[in-house]
file entry.cif (mmCIF, C-alpha atoms)
data_my_file
loop_
_atom_site.label_atom_id
_atom_site.label_comp_id
_atom_site.auth_asym_id
_atom_site.auth_seq_id
_atom_site.Cartn_x
_atom_site.Cartn_y
_atom_site.Cartn_z
CA MET A 1 157.09 -36.15 48.56
CA PRO A 2 155.86 -37.65 50.75
CA ILE A 3 158.27 -36.23 53.34
CA LEU A 4 157.72 -37.39 56.93
CA GLU A 5 159.01 -36.17 60.25
CA MET A 6 158.76 -38.97 62.78
CA HIS A 7 159.03 -38.04 66.45
CA LEU A 8 160.04 -40.92 68.73
CA LEU A 9 160.96 -41.24 72.38
CA GLU A 10 164.67 -42.03 72.78
CA GLY A 11 165.67 -45.63 73.17
CA ARG A 12 164.92 -47.38 69.89
CA THR A 13 167.65 -49.58 68.47
CA VAL A 14 169.13 -49.07 65.02
CA GLU A 15 167.34 -52.26 63.93
CA GLN A 16 163.97 -50.91 65.11
CA LYS A 17 164.47 -47.63 63.30
CA ARG A 18 165.54 -49.37 60.08
CA ALA A 19 162.50 -51.64 60.31
CA ALA A 20 160.21 -48.67 60.96
CA VAL A 21 161.35 -46.58 57.97
CA ALA A 22 161.20 -49.62 55.69
CA ALA A 23 157.66 -50.50 56.84
CA VAL A 24 156.35 -46.92 56.69
CA THR A 25 157.82 -46.45 53.21
CA ARG A 26 156.16 -49.66 51.97
CA ALA A 27 152.88 -48.51 53.55
CA LEU A 28 153.01 -45.25 51.56
CA VAL A 29 154.02 -46.95 48.32
CA GLU A 30 151.01 -49.27 48.61
CA SER A 31 148.43 -46.74 49.82
CA LEU A 32 149.41 -43.70 47.72
CA GLY A 33 151.01 -45.29 44.66
CA VAL A 34 154.28 -43.38 45.02
CA LYS A 35 157.72 -44.80 44.22
CA PRO A 36 159.88 -45.83 47.20
CA GLU A 37 162.62 -43.33 46.33
CA GLN A 38 160.10 -40.46 46.61
CA VAL A 39 159.61 -41.17 50.33
CA ARG A 40 161.94 -39.35 52.71
CA ILE A 41 161.71 -39.83 56.48
CA LEU A 42 163.39 -37.67 59.11
CA ILE A 43 163.48 -39.14 62.62
CA THR A 44 163.77 -36.87 65.65
CA GLU A 45 164.34 -38.62 68.96
CA HIS A 46 163.14 -36.90 72.13
CA GLN A 47 164.47 -37.44 75.63
CA GLN A 48 161.96 -38.38 78.34
CA GLU A 49 161.97 -34.79 79.65
CA ASN A 50 161.22 -33.40 76.18
CA PHE A 51 157.77 -34.93 75.66
CA SER A 52 154.66 -34.26 77.72
CA VAL A 53 151.07 -35.44 77.79
CA GLY A 54 148.65 -33.58 80.06
CA GLY A 55 151.38 -31.16 81.13
CA ILE A 56 153.63 -33.84 82.65
CA THR A 57 156.81 -34.99 80.92
CA ALA A 58 157.40 -38.71 80.33
CA GLY A 59 160.43 -38.49 82.64
CA HIS A 60 158.41 -36.82 85.40
CA ARG A 61 155.63 -39.39 85.07
CA ASN A 62 158.16 -42.24 85.37
CA SER A 63 159.70 -40.75 88.52
CA LEU A 64 156.25 -40.23 90.07
CA GLN A 65 155.35 -43.88 89.43
CA GLU A 66 158.61 -45.18 90.84
CA SER A 67 158.13 -43.22 94.05
CA GLN A 68 154.71 -44.73 94.70
CA MET B 1 145.29 -32.05 69.54
CA PRO B 2 146.58 -29.55 70.30
CA ILE B 3 150.07 -30.88 69.50
CA LEU B 4 152.93 -28.44 70.01
CA GLU B 5 156.55 -28.44 68.95
CA MET B 6 158.51 -26.15 71.22
CA HIS B 7 161.96 -25.07 70.03
CA LEU B 8 164.28 -23.89 72.83
CA LEU B 9 167.92 -22.94 73.03
CA GLU B 10 169.90 -25.55 74.96
CA GLY B 11 170.52 -24.96 78.62
CA ARG B 12 167.13 -25.18 80.38
CA THR B 13 166.99 -27.31 83.50
CA VAL B 14 164.63 -30.24 83.87
CA GLU B 15 162.65 -28.14 86.38
CA GLN B 16 162.24 -25.30 83.87
CA LYS B 17 161.07 -27.66 81.15
CA ARG B 18 158.58 -29.37 83.50
CA ALA B 19 157.28 -25.95 84.59
CA ALA B 20 156.98 -24.80 80.97
CA VAL B 21 154.97 -27.78 79.72
CA ALA B 22 152.69 -27.62 82.76
CA ALA B 23 152.06 -23.89 82.28
CA VAL B 24 151.54 -24.11 78.51
CA THR B 25 149.14 -27.04 78.93
CA ARG B 26 147.09 -25.10 81.52
CA ALA B 27 147.08 -22.09 79.18
CA LEU B 28 145.58 -24.20 76.38
CA VAL B 29 143.04 -25.90 78.65
CA GLU B 30 141.79 -22.48 79.79
CA SER B 31 141.85 -20.68 76.43
CA LEU B 32 140.61 -23.47 74.14
CA GLY B 33 138.53 -25.60 76.49
CA VAL B 34 140.43 -28.80 75.75
CA LYS B 35 141.20 -31.51 78.31
CA PRO B 36 144.77 -31.61 79.68
CA GLU B 37 145.39 -35.12 78.34
CA GLN B 38 144.65 -33.92 74.79
CA VAL B 39 147.69 -31.62 74.90
CA ARG B 40 150.97 -33.13 73.71
CA ILE B 41 154.20 -31.10 73.68
CA LEU B 42 157.43 -32.05 71.92
CA ILE B 43 160.49 -30.07 72.97
CA THR B 44 163.46 -29.75 70.61
CA GLU B 45 166.57 -28.15 72.08
CA HIS B 46 168.94 -26.35 69.73
CA GLN B 47 172.64 -25.69 70.30
CA GLN B 48 173.84 -22.09 70.05
CA GLU B 49 175.23 -22.77 66.56
CA ASN B 50 171.88 -24.16 65.38
CA PHE B 51 169.77 -21.01 65.72
CA SER B 52 170.22 -17.76 63.83
CA VAL B 53 168.60 -14.34 63.73
CA GLY B 54 169.63 -11.98 60.93
CA GLY B 55 171.96 -14.60 59.46
CA ILE B 56 174.17 -14.86 62.56
CA THR B 57 174.00 -17.86 64.88
CA ALA B 58 173.54 -17.31 68.62
CA GLY B 59 176.96 -18.85 69.19
CA HIS B 60 178.60 -16.56 66.66
CA ARG B 61 176.91 -13.52 68.17
CA ASN B 62 178.16 -14.49 71.63
CA SER B 63 181.74 -14.88 70.42
CA LEU B 64 181.58 -11.51 68.61
CA GLN B 65 180.37 -9.79 71.79
CA GLU B 66 183.02 -11.41 73.95
CA SER B 67 185.79 -10.26 71.65
CA GLN B 68 184.73 -6.61 71.85
CA MET C 1 163.27 -18.39 71.01
CA PRO C 2 161.13 -19.99 72.18
CA ILE C 3 159.52 -20.67 68.80
CA LEU C 4 156.38 -22.85 68.85
CA GLU C 5 154.45 -24.65 66.18
CA MET C 6 150.93 -25.26 67.38
CA HIS C 7 148.86 -27.83 65.50
CA LEU C 8 145.08 -27.44 65.95
CA LEU C 9 142.04 -29.05 64.41
CA GLU C 10 140.19 -26.59 62.17
CA GLY C 11 137.30 -24.70 63.64
CA ARG C 12 138.71 -22.36 66.28
CA THR C 13 137.50 -18.77 66.18
CA VAL C 14 139.85 -15.81 65.82
CA GLU C 15 139.08 -14.95 69.46
CA GLN C 16 140.09 -18.43 70.64
CA LYS C 17 143.33 -18.31 68.72
CA ARG C 18 144.17 -14.83 70.02
CA ALA C 19 143.41 -16.00 73.58
CA ALA C 20 145.53 -19.14 73.11
CA VAL C 21 148.67 -17.36 71.85
CA ALA C 22 148.35 -14.72 74.59
CA ALA C 23 147.98 -17.38 77.31
CA VAL C 24 150.78 -19.61 76.00
CA THR C 25 153.13 -16.64 75.69
CA ARG C 26 152.41 -15.59 79.31
CA ALA C 27 152.96 -19.19 80.42
CA LEU C 28 156.43 -19.19 78.83
CA VAL C 29 157.36 -15.76 80.17
CA GLU C 30 156.51 -16.92 83.69
CA SER C 31 158.02 -20.40 83.53
CA LEU C 32 161.19 -19.69 81.53
CA GLY C 33 161.88 -16.04 82.34
CA VAL C 34 161.92 -14.96 78.68
CA LYS C 35 160.59 -11.62 77.39
CA PRO C 36 157.20 -11.71 75.64
CA GLU C 37 158.65 -10.43 72.35
CA GLN C 38 161.03 -13.42 72.21
CA VAL C 39 158.08 -15.82 71.92
CA ARG C 40 156.90 -16.61 68.38
CA ILE C 41 153.99 -18.96 67.72
CA LEU C 42 153.04 -20.47 64.36
CA ILE C 43 149.58 -22.04 64.21
CA THR C 44 148.82 -24.74 61.65
CA GLU C 45 145.17 -25.76 61.37
CA HIS C 46 144.39 -29.27 60.17
CA GLN C 47 141.18 -30.44 58.52
CA GLN C 48 139.39 -33.41 60.09
CA GLU C 49 140.77 -35.72 57.39
CA ASN C 50 144.33 -34.56 58.08
CA PHE C 51 144.70 -35.83 61.66
CA SER C 52 144.58 -39.43 62.81
CA VAL C 53 144.78 -41.32 66.09
CA GLY C 54 145.07 -45.10 65.93
CA GLY C 55 145.10 -45.02 62.12
CA ILE C 56 141.64 -43.43 61.80
CA THR C 57 141.22 -39.79 60.80
CA ALA C 58 139.06 -37.50 62.94
CA GLY C 59 136.70 -37.11 59.98
CA HIS C 60 136.40 -40.86 59.50
CA ARG C 61 135.77 -41.38 63.22
CA ASN C 62 133.00 -38.78 63.15
CA SER C 63 131.30 -40.41 60.17
CA LEU C 64 131.52 -43.84 61.82
CA GLN C 65 129.88 -42.50 64.98
CA GLU C 66 127.11 -40.74 63.07
CA SER C 67 126.25 -43.92 61.20
CA GLN C 68 125.78 -45.94 64.39
CA MET D 1 158.84 -14.38 59.51
CA PRO D 2 160.25 -15.99 57.52
CA ILE D 3 161.02 -18.77 60.02
CA LEU D 4 162.93 -21.77 58.62
CA GLU D 5 163.62 -25.22 59.95
CA MET D 6 166.65 -26.64 58.22
CA HIS D 7 167.23 -30.38 58.46
CA LEU D 8 170.82 -31.47 57.84
CA LEU D 9 172.73 -34.72 58.14
CA GLU D 10 175.19 -34.62 61.04
CA GLY D 11 178.76 -33.68 60.30
CA ARG D 12 178.76 -30.04 59.18
CA THR D 13 181.35 -27.81 60.79
CA VAL D 14 180.46 -24.66 62.71
CA GLU D 15 181.91 -22.64 59.82
CA GLN D 16 179.66 -24.39 57.29
CA LYS D 17 176.57 -23.81 59.39
CA ARG D 18 177.44 -20.13 59.93
CA ALA D 19 178.01 -19.74 56.17
CA ALA D 20 174.72 -21.50 55.39
CA VAL D 21 172.51 -19.36 57.65
CA ALA D 22 174.21 -16.18 56.40
CA ALA D 23 173.71 -17.16 52.75
CA VAL D 24 170.12 -18.32 53.19
CA THR D 25 169.23 -15.14 55.09
CA ARG D 26 170.70 -12.98 52.32
CA ALA D 27 168.80 -15.04 49.74
CA LEU D 28 165.51 -14.30 51.51
CA VAL D 29 166.29 -10.61 52.00
CA GLU D 30 166.93 -10.25 48.29
CA SER D 31 164.09 -12.41 46.97
CA LEU D 32 161.31 -11.43 49.42
CA GLY D 33 162.35 -7.93 50.46
CA VAL D 34 162.35 -8.73 54.19
CA LYS D 35 164.82 -7.30 56.72
CA PRO D 36 167.65 -9.61 57.83
CA GLU D 37 166.53 -9.50 61.48
CA GLN D 38 163.11 -10.89 60.49
CA VAL D 39 164.71 -14.16 59.33
CA ARG D 40 165.06 -16.88 61.95
CA ILE D 41 166.60 -20.28 61.14
CA LEU D 42 166.45 -23.39 63.31
CA ILE D 43 168.88 -26.15 62.35
CA THR D 44 168.14 -29.76 63.29
CA GLU D 45 170.97 -32.23 62.67
CA HIS D 46 170.05 -35.85 62.02
CA GLN D 47 172.26 -38.87 62.59
CA GLN D 48 172.80 -41.22 59.65
CA GLU D 49 170.28 -43.69 61.10
CA ASN D 50 167.64 -40.95 61.42
CA PHE D 51 167.17 -40.16 57.74
CA SER D 52 165.89 -42.49 55.04
CA VAL D 53 165.26 -42.37 51.31
CA GLY D 54 163.39 -45.28 49.75
CA GLY D 55 162.97 -46.96 53.13
CA ILE D 56 166.72 -47.33 53.78
CA THR D 57 168.54 -45.12 56.28
CA ALA D 58 171.68 -43.27 55.22
CA GLY D 59 173.64 -45.32 57.75
CA HIS D 60 172.28 -48.61 56.41
CA ARG D 61 173.02 -47.58 52.82
CA ASN D 62 176.62 -46.73 53.78
CA SER D 63 177.14 -50.10 55.48
CA LEU D 64 175.66 -51.92 52.47
CA GLN D 65 178.04 -50.12 50.11
CA GLU D 66 181.08 -50.79 52.28
CA SER D 67 180.31 -54.51 52.37
CA GLN D 68 180.23 -54.81 48.60
CA MET E 1 169.10 -33.32 52.56
CA PRO E 2 169.07 -30.48 53.20
CA ILE E 3 165.29 -30.42 53.67
CA LEU E 4 163.79 -27.06 54.66
CA GLU E 5 160.43 -26.03 55.99
CA MET E 6 159.87 -22.37 55.26
CA HIS E 7 157.11 -20.60 57.16
CA LEU E 8 155.81 -17.42 55.51
CA LEU E 9 152.97 -15.03 56.16
CA GLU E 10 150.29 -15.34 53.48
CA GLY E 11 150.40 -12.94 50.59
CA ARG E 12 153.52 -13.75 48.59
CA THR E 13 153.09 -14.04 44.84
CA VAL E 14 154.02 -17.15 42.88
CA GLU E 15 156.95 -15.19 41.43
CA GLN E 16 158.26 -14.30 44.89
CA LYS E 17 158.03 -17.89 46.08
CA ARG E 18 159.79 -19.20 42.95
CA ALA E 19 162.52 -16.59 43.41
CA ALA E 20 162.88 -17.47 47.10
CA VAL E 21 163.30 -21.23 46.63
CA ALA E 22 165.74 -20.67 43.75
CA ALA E 23 167.85 -18.24 45.82
CA VAL E 24 167.80 -20.37 48.98
CA THR E 25 168.77 -23.47 47.02
CA ARG E 26 171.72 -21.65 45.41
CA ALA E 27 172.75 -20.36 48.85
CA LEU E 28 172.91 -23.94 50.17
CA VAL E 29 174.71 -25.28 47.12
CA GLU E 30 177.41 -22.62 47.55
CA SER E 31 177.75 -22.73 51.34
CA LEU E 32 177.44 -26.49 51.95
CA GLY E 33 178.67 -27.96 48.66
CA VAL E 34 175.51 -30.00 48.04
CA LYS E 35 173.96 -30.62 44.64
CA PRO E 36 170.86 -28.54 43.76
CA GLU E 37 168.67 -31.64 43.40
CA GLN E 38 169.44 -32.66 47.00
CA VAL E 39 167.69 -29.53 48.31
CA ARG E 40 163.99 -29.85 49.03
CA ILE E 41 161.93 -26.92 50.35
CA LEU E 42 158.43 -27.11 51.80
CA ILE E 43 156.62 -23.77 52.13
CA THR E 44 153.84 -23.35 54.68
CA GLU E 45 151.89 -20.11 54.45
CA HIS E 46 150.25 -18.78 57.62
CA GLN E 47 147.27 -16.46 57.82
CA GLN E 48 147.68 -13.25 59.82
CA GLU E 49 145.77 -14.79 62.76
CA ASN E 50 148.06 -17.83 62.77
CA PHE E 51 151.32 -16.11 63.70
CA SER E 52 152.08 -14.24 66.90
CA VAL E 53 154.99 -12.30 68.38
CA GLY E 54 154.74 -11.31 72.03
CA GLY E 55 151.38 -13.03 72.40
CA ILE E 56 149.63 -10.88 69.78
CA THR E 57 148.76 -12.23 66.35
CA ALA E 58 149.81 -10.28 63.23
CA GLY E 59 146.13 -9.79 62.41
CA HIS E 60 145.35 -8.45 65.88
CA ARG E 61 148.33 -6.11 65.76
CA ASN E 62 147.18 -4.75 62.39
CA SER E 63 143.67 -4.09 63.66
CA LEU E 64 145.03 -2.35 66.79
CA GLN E 65 147.19 -0.07 64.63
CA GLU E 66 144.36 0.79 62.27
CA SER E 67 142.09 1.78 65.15
CA GLN E 68 144.59 4.28 66.53
CA MET F 1 154.45 -41.18 70.47
CA PRO F 2 155.18 -41.86 67.72
CA ILE F 3 153.88 -38.54 66.36
CA LEU F 4 154.28 -38.02 62.60
CA GLU F 5 154.00 -35.01 60.37
CA MET F 6 153.31 -36.14 56.83
CA HIS F 7 153.87 -33.62 54.05
CA LEU F 8 152.00 -34.39 50.83
CA LEU F 9 151.43 -32.58 47.57
CA GLU F 10 147.81 -31.43 47.26
CA GLY F 11 145.42 -33.64 45.36
CA ARG F 12 145.01 -36.85 47.38
CA THR F 13 141.46 -38.05 47.91
CA VAL F 14 139.96 -38.61 51.34
CA GLU F 15 140.11 -42.35 50.64
CA GLN F 16 143.83 -42.20 49.87
CA LYS F 17 144.58 -40.24 53.02
CA ARG F 18 142.51 -42.63 55.17
CA ALA F 19 144.32 -45.59 53.59
CA ALA F 20 147.72 -43.94 54.14
CA VAL F 21 147.25 -43.19 57.85
CA ALA F 22 145.85 -46.69 58.45
CA ALA F 23 148.77 -48.34 56.65
CA VAL F 24 151.45 -46.17 58.29
CA THR F 25 149.95 -46.78 61.73
CA ARG F 26 149.96 -50.55 61.17
CA ALA F 27 153.56 -50.31 59.94
CA LEU F 28 154.61 -48.62 63.20
CA VAL F 29 152.63 -51.02 65.40
CA GLU F 30 154.38 -53.97 63.75
CA SER F 31 157.90 -52.54 63.56
CA LEU F 32 158.08 -50.71 66.91
CA GLY F 33 155.64 -52.69 69.04
CA VAL F 34 153.54 -49.64 69.97
CA LYS F 35 149.76 -49.65 70.40
CA PRO F 36 147.73 -48.19 67.52
CA GLU F 37 146.22 -45.48 69.74
CA GLN F 38 149.72 -44.17 70.54
CA VAL F 39 150.27 -43.23 66.88
CA ARG F 40 149.20 -39.73 65.88
CA ILE F 41 149.61 -38.45 62.32
CA LEU F 42 149.30 -34.84 61.18
CA ILE F 43 148.97 -34.36 57.41
CA THR F 44 150.01 -31.06 55.81
CA GLU F 45 149.11 -30.66 52.14
CA HIS F 46 151.26 -28.38 50.01
CA GLN F 47 150.23 -26.63 46.82
CA GLN F 48 152.38 -27.19 43.73
CA GLU F 49 154.03 -23.77 44.22
CA ASN F 50 154.91 -24.61 47.84
CA PHE F 51 157.30 -27.49 47.22
CA SER F 52 160.61 -27.34 45.38
CA VAL F 53 163.36 -29.75 44.37
CA GLY F 54 166.58 -28.27 42.97
CA GLY F 55 165.26 -24.73 43.43
CA ILE F 56 162.26 -25.18 41.10
CA THR F 57 158.73 -25.53 42.45
CA ALA F 58 156.57 -28.45 41.30
CA GLY F 59 154.20 -25.95 39.71
CA HIS F 60 157.00 -24.23 37.83
CA ARG F 61 158.39 -27.56 36.64
CA ASN F 62 154.95 -28.56 35.34
CA SER F 63 154.53 -25.31 33.42
CA LEU F 64 158.03 -25.65 31.91
CA GLN F 65 157.24 -29.18 30.70
CA GLU F 66 153.91 -28.18 29.21
CA SER F 67 155.51 -25.37 27.23
CA GLN F 68 158.02 -27.68 25.58
#
call {"tool": "encode", "arguments": {"input": "entry.cif", "output": "structure tokens"}}
result
Amino acid sequence: MPILEMHLLEGRTVEQKRAAVAAVTRALVESLGVKPEQVRILITEHQQENFSVGGITAGHRNSLQESQ
Amino acid sequence: MPILEMHLLEGRTVEQKRAAVAAVTRALVESLGVKPEQVRILITEHQQENFSVGGITAGHRNSLQESQ
Amino acid sequence: MPILEMHLLEGRTVEQKRAAVAAVTRALVESLGVKPEQVRILITEHQQENFSVGGITAGHRNSLQESQ
Amino acid sequence: MPILEMHLLEGRTVEQKRAAVAAVTRALVESLGVKPEQVRILITEHQQENFSVGGITAGHRNSLQESQ
Amino acid sequence: MPILEMHLLEGRTVEQKRAAVAAVTRALVESLGVKPEQVRILITEHQQENFSVGGITAGHRNSLQESQ
Amino acid sequence: MPILEMHLLEGRTVEQKRAAVAAVTRALVESLGVKPEQVRILITEHQQENFSVGGITAGHRNSLQESQ
């Protein structure tokens, strides 16, 4: 521990994901005093139709905005 | 909040997923008195070989039934 | 399936939680065509200090507002 | 219940996953006294760039080792 | 990896939980060929009102059966 | 998004948890270019008997070491 599940919308590059896990791990080492190798991060990437806010998926919201 | 993770078997259409997140969000607005924009839903879709009941995956169960 | 994990802030009554799982289950039965007994919901309740938006926990935000 | 989410690195065969859910289900039946059909397992498979230990993804670690 | 989240209804003893994680870990070592120390298990225990099947919480179902 | 679930062993102070969510949020803002208010973090705290490595819970491991 800590073990983190990080949910992201699809579309990040490998470089962005590597930067994110490195930065989050450092943040936990500094704030909680754990060792880096104790921090495990699992990323799950969600398609635009697999995430909603207010009952509308990100994909649906995009298509509504484009049709305006 | 509320934040929901919804695990589904693969194979739903975009229309079904949009209908599901809209209906679940309304259900939470009415039962808990939250605002729609507070409700976030993350869908994770699982392949037939990535879900089991009773120690047998859905894919395995299907292939056993077809071979009968 | 569907299997849902529902994250809520602490403080809901038993009646609210019973109403929420009943309403969400109906919403999924109607939108996805599943049977009610296929729908499982796991509720996890989070204390005010265990949920953050914008890097500030709900408990911290409350104490900042009270001190204004 | 029990309901399990099992996070694996990508690359397991169907046979390995079927063997794993069967073995884990038996383990829970024997240790907790539940019925097999009460045990549900959801597998999520993560790409090498979607899992990190010590702030370095599995994919990054592999590429560092190959370049040595 | 593997990393498992195991959701249980409240009420298991420490001995049962120790037996369960030992048995599940062995099951994964044998079926997937991983080393024991690679297997991490996170248990989350849910109160009777925080788990529902068919839109009815376990606690509600118990109280309905007792009143019959 | 991003939405994070952060699993911790019990025993962190409120100050540590506030520092952790602030630091992790900043880390994601800088590495992924998101706005702070897009980052939501859910903390789940696990008792010593609800986390295992190598099939032995943290609580069990502690009691074994004390008895040596």
call {"tool": "interface_residues", "arguments": {"input": "entry.cif", "of": "chain D", "to": "chain E", "cutoff": "7 Å", "atoms": "only C-alpha atoms", "output": "compact mmCIF listing (two decimals) with C-alpha atoms, in the frame of the given file"}}
result
# COMPACT_ATOMS: atom_id res chain seq x y z
CA MET D 1 158.84 -14.38 59.51
CA PRO D 2 160.25 -15.99 57.52
CA ILE D 3 161.02 -18.77 60.02
CA LEU D 4 162.93 -21.77 58.62
CA GLU D 5 163.62 -25.22 59.95
CA MET D 6 166.65 -26.64 58.22
CA HIS D 7 167.23 -30.38 58.46
CA LEU D 8 170.82 -31.47 57.84
CA LEU D 9 172.73 -34.72 58.14
CA GLN D 16 179.66 -24.39 57.29
CA ALA D 19 178.01 -19.74 56.17
CA ALA D 20 174.72 -21.50 55.39
CA ALA D 23 173.71 -17.16 52.75
CA VAL D 24 170.12 -18.32 53.19
CA ALA D 27 168.80 -15.04 49.74
CA LEU D 28 165.51 -14.30 51.51
CA SER D 31 164.09 -12.41 46.97
CA LEU D 32 161.31 -11.43 49.42
call {"tool": "atom_distance", "arguments": {"input": "entry.cif", "atom1": "atom CA of E:Gln48", "atom2": "atom CA of D:Pro36"}}
result
20.4 Å
call {"tool": "atom_distance", "arguments": {"input": "entry.cif", "atom1": "atom CA of B:Ala58", "atom2": "atom CA of D:Glu10"}}
result
19.0 Å
call {"tool": "atom_distance", "arguments": {"input": "entry.cif", "atom1": "atom CA of E:Gln47", "atom2": "atom CA of C:Thr44"}}
result
9.3 Å
